[in-house]
Amino acid sequence: MAEQKLTMKELENRLNSFDERLSRIEAQLSAGFTAGHSVRVASSASQMDQEEEFANPLSESKVFEHGLAWIGSAVLLLGMIFTMLFVHNAFGGIASFVLGISSAALTFFLSGILKKSLSYMAFMFTICAHLLIFYALLRLHFFSDTPVLGNVWIALVLMLGSVAFLFYKADLAKSQLMGFIAYTLLLVTALLADRTQVTLSLFVVATAAVLYFLNRNGWSTLLILSIFMVYIGHILWLIGNPLSGHPVAAVLTPQFNVIYLFLYAIIYSVVPFLKQSGKLSAEVSNATVILNSMAFSVLLLLIVLTFYTKSYIWIFLGISITCLIYSIVLNYKISSRFDSFFYVNLGFMALSIAAFGYADLPGSFLFLAWQSMVVLAIAIWFRSNLIVLMNTALYTVILVAYLIASNPIDSYNISFTLIAIASARILNWQQKRLELKTDAIRNFYLAITFFIMLYTLYNAVALDYVTISWGLAAVAYMIMSVILSNVKYRWLAFLTLLAAVVHLFMYDISKMGVGYRIVAFIFVGLIILGVSFYYTKKLKGSKNEYVRPS
């Protein structure tokens, strides 16, 4: 038993010793973890500070690494170009070409060596090498009294090959800057070709290339810049292509250039689908659509004024049909309403210009007035409050322009009146579909109805019958209020009766003959009493009568 007790005691001692060892190990591990954690926190903080410094475009690292690389590369490139010019003048074009290609090869070699240690400088050297190749190829034919290559087509093919290679390298490096330089060189090559169909065709290729790389790499900055550049390039062609050494003067024949203009606009119009697929932000897409339409419109105006002053109707009719069809496609394929709204309005603006060219003034006023009904139908179809608002502004501008610029025409007056009434009714009928929050637009149409109705009747009937005609209009408004259970038409009736009374006392009492005066007073008086009687007995008599809200 004693031996057994001793064994148990030894076991207890050993367990206590083991427990002490575990405690010491845990303490050491805890101290090591705390120290390591502190080191990692410090390292992480240092790394965050470094990343923040690199993210700042004005940081010391960016200024010295990127800024000096830019400046140094530009100076080096200009130095090589000046050297090539000197060699060209002293030893001829072949020596200058060999020097340029050799310099580009050496620059590529240096770029490869510096790629790991000085990546951005290597990147700038790569760009310089491509520019040297393009310049060396350019001088083989262009800007030289004794060109090395007499055949312009061979020179153009070589230049286009260097541009295509630069596009390939830009795509490989995912560099938007290199893509922009390649795009610029492509436009320069197109202008140097100095042949209309080649130049404008290359402009179309350049525009398509921008959309291709936008879809592939998301180069949105290049997209925006390209809009300005391709349309400016087209303007340079219109003024005689001074880049090729021609004097500034308008081209004498159209040479189908308007077709190429349409192709630019159509290619850029694909952008909403890239937005829908998530390749482009909504802001950039909307800006592209607006800038493209503005640049297209300005350039089209120049072309029309230069070549198509007598036949522009068909151009704008084609634009209108194209925009309206495209807006329908966008309405069903694109979730954003901005795009369909924009192209609808662009289409109807083009249609308005075509109508003006066909009917001139005042004939186009009637067409434009009824066009507003078509726009309203499109707005309801597309469920677009923006189109409704734009259509209201369009109708108002047309009406004011007609009243100012044209003598009263009964058929036109009646049309404007009917359109105002019909628009108000349609907006009331389709209020839920359009999700109109207020009746402001409908009330505006009703206000126009009040004034244009008075104007129409004033010019449509003999002066002695104006008061009576206004009284009949008030009766018509009352009948509409009863049929539609709408209080707003009763207000129109009241205001029209008030206008009739004012005209009765301001004109009829002194200018009309006795017979007409008696008839007018009795007729208007009976209408006023009849309206009062109806309102008192039928509307006020029942407190529970339901009046449909307007």
# chains A, B, ... in the order shown; residues from 1 in each chain; ligands from 1
>>> residues_around(residues="Leu274 of chain A", least_positions_apart="5", cutoff="7 Å", atoms="only C-alpha atoms", output="NGL selection string")
:A and (215 or 279-280)
>>> residues_around(residues="segment 468-478 of chain A", least_positions_apart="4", cutoff="6 Å", atoms="only C-alpha atoms", output="PyMOL selection string")
chain A and resi 489-490+493+496-497+500
>>> residues_around(residues="Leu261 of chain A", least_positions_apart="2", cutoff="12 Å", atoms="only C-alpha atoms", output="PyMOL selection string")
chain A and resi 200-201+203-204+207+227+230-235+237-238+254-259+263-268+292-293+295-304+315+319
>>> residues_around(residues="Ile378 of chain A", least_positions_apart="2", cutoff="12 Å", atoms="only C-alpha atoms", output="ChimeraX atom specification")
/A:324-325,327-328,331,340-341,343-345,347-348,371-376,380-388,390-391,434
>>> residues_around(residues="Leu457 of chain A", least_positions_apart="2", cutoff="10 Å", atoms="only C-alpha atoms", output="list in words")
Asp410, Asn413, Ile414, Ile452, Met453, Leu454, Tyr455, Asn459, Ala460, Val461, Ala462, Leu463, Tyr465, Val466, Thr467, Ile468, Ser469, Trp470 and Ala473 of chain A
>>> residues_around(residues="segment 148-165 of chain A", least_positions_apart="2", cutoff="9 Å", atoms="only C-alpha atoms", output="VMD selection string")
chain A and resid 92 to 94 130 133 to 135 137 to 142 144 146 167 to 170 181 to 183 185 to 186 189 to 190 192 to 193
>>> write_last_selection(atoms="N, CA, C and O atoms", output="CSV table (one decimal), in the first residue's frame")
chain,number,residue,atom,x,y,z
A,92,GLY,N,19.9,61.8,-97.3
A,92,GLY,CA,18.8,61.3,-98.1
A,92,GLY,C,17.8,60.5,-97.2
A,92,GLY,O,18.0,60.3,-96.0
A,93,GLY,N,16.7,60.2,-97.9
A,93,GLY,CA,15.5,59.6,-97.2
A,93,GLY,C,15.8,58.2,-96.7
A,93,GLY,O,15.3,57.8,-95.6
A,94,ILE,N,16.6,57.4,-97.4
A,94,ILE,CA,16.9,56.0,-97.0
A,94,ILE,C,17.7,56.0,-95.7
A,94,ILE,O,17.4,55.2,-94.8
A,130,HIS,N,7.2,53.1,-81.1
A,130,HIS,CA,6.1,53.0,-82.1
A,130,HIS,C,5.9,54.3,-82.8
A,130,HIS,O,5.7,54.3,-84.0
A,133,ILE,N,8.7,54.5,-85.4
A,133,ILE,CA,8.4,53.7,-86.6
A,133,ILE,C,7.4,54.4,-87.5
A,133,ILE,O,7.6,54.4,-88.7
A,134,PHE,N,6.3,54.9,-86.9
A,134,PHE,CA,5.3,55.6,-87.7
A,134,PHE,C,5.9,56.8,-88.5
A,134,PHE,O,5.7,57.0,-89.7
A,135,TYR,N,6.7,57.6,-87.8
A,135,TYR,CA,7.3,58.7,-88.4
A,135,TYR,C,8.3,58.4,-89.5
A,135,TYR,O,8.3,59.0,-90.6
A,137,LEU,N,8.1,55.7,-91.4
A,137,LEU,CA,7.3,55.2,-92.5
A,137,LEU,C,6.7,56.4,-93.2
A,137,LEU,O,6.5,56.4,-94.4
A,138,LEU,N,6.2,57.3,-92.4
A,138,LEU,CA,5.5,58.5,-93.0
A,138,LEU,C,6.4,59.3,-93.9
A,138,LEU,O,6.1,59.7,-95.0
A,139,ARG,N,7.7,59.4,-93.5
A,139,ARG,CA,8.6,60.2,-94.3
A,139,ARG,C,9.1,59.5,-95.6
A,139,ARG,O,9.8,60.1,-96.4
A,140,LEU,N,8.8,58.2,-95.7
A,140,LEU,CA,9.1,57.5,-97.0
A,140,LEU,C,8.4,58.2,-98.2
A,140,LEU,O,8.9,58.1,-99.3
A,141,HIS,N,7.2,58.8,-97.9
A,141,HIS,CA,6.5,59.3,-99.1
A,141,HIS,C,6.1,60.8,-98.8
A,141,HIS,O,6.1,61.6,-99.7
A,142,PHE,N,5.6,61.1,-97.6
A,142,PHE,CA,5.0,62.3,-97.3
A,142,PHE,C,6.0,63.4,-96.8
A,142,PHE,O,7.0,63.0,-96.2
A,144,SER,N,8.1,65.2,-98.3
A,144,SER,CA,9.5,65.1,-98.9
A,144,SER,C,9.4,65.4,-100.4
A,144,SER,O,8.6,65.0,-101.1
A,146,THR,N,11.7,64.6,-102.5
A,146,THR,CA,12.2,63.4,-103.2
A,146,THR,C,11.8,62.1,-102.4
A,146,THR,O,12.7,61.6,-101.7
A,167,PHE,N,-2.2,49.2,-82.1
A,167,PHE,CA,-3.5,48.8,-81.5
A,167,PHE,C,-3.3,47.5,-80.8
A,167,PHE,O,-3.9,47.2,-79.7
A,168,TYR,N,-2.6,46.5,-81.5
A,168,TYR,CA,-2.4,45.2,-80.9
A,168,TYR,C,-1.6,45.3,-79.5
A,168,TYR,O,-2.0,44.6,-78.6
A,169,LYS,N,-0.6,46.1,-79.5
A,169,LYS,CA,0.2,46.2,-78.3
A,169,LYS,C,-0.6,46.9,-77.2
A,169,LYS,O,-0.5,46.6,-76.0
A,170,ALA,N,-1.5,47.9,-77.6
A,170,ALA,CA,-2.3,48.6,-76.6
A,170,ALA,C,-3.3,47.6,-76.0
A,170,ALA,O,-3.6,47.6,-74.8
A,181,ILE,N,-3.2,56.9,-78.8
A,181,ILE,CA,-2.2,57.3,-79.7
A,181,ILE,C,-2.4,56.6,-81.1
A,181,ILE,O,-2.3,57.2,-82.1
A,182,ALA,N,-2.8,55.3,-81.0
A,182,ALA,CA,-3.0,54.5,-82.2
A,182,ALA,C,-4.2,55.1,-83.0
A,182,ALA,O,-4.2,55.2,-84.2
A,183,TYR,N,-5.3,55.5,-82.2
A,183,TYR,CA,-6.5,56.1,-82.9
A,183,TYR,C,-6.1,57.4,-83.6
A,183,TYR,O,-6.5,57.7,-84.7
A,185,LEU,N,-3.1,58.4,-84.7
A,185,LEU,CA,-2.3,58.1,-85.9
A,185,LEU,C,-3.1,57.5,-87.0
A,185,LEU,O,-2.8,57.8,-88.2
A,186,LEU,N,-4.2,56.8,-86.7
A,186,LEU,CA,-5.1,56.3,-87.8
A,186,LEU,C,-5.8,57.5,-88.4
A,186,LEU,O,-5.9,57.5,-89.7
A,189,THR,N,-3.3,59.3,-90.6
A,189,THR,CA,-3.1,58.5,-91.9
A,189,THR,C,-4.2,58.7,-92.8
A,189,THR,O,-4.0,58.8,-94.0
A,190,ALA,N,-5.4,58.7,-92.3
A,190,ALA,CA,-6.6,58.9,-93.2
A,190,ALA,C,-6.6,60.3,-93.9
A,190,ALA,O,-6.8,60.4,-95.1
A,192,LEU,N,-3.8,62.1,-94.4
A,192,LEU,CA,-2.7,62.1,-95.3
A,192,LEU,C,-3.0,61.4,-96.6
A,192,LEU,O,-2.4,61.7,-97.7
A,193,ALA,N,-3.9,60.4,-96.6
A,193,ALA,CA,-4.3,59.7,-97.8
A,193,ALA,C,-4.8,60.7,-98.8
A,193,ALA,O,-4.6,60.5,-100.0
>>> closest_residue(among="A:Leu131, A:Val284, A:Phe338, A:Ala95", to="Thr107 of chain A", atoms="only C-alpha atoms")
A:Leu131
>>> select_by_dssp(residues="segment 78-152 of chain A", states="helix (DSSP H, G or I)", output="PyMOL selection string")
chain A and resi 78-91+93-114+119-138+152
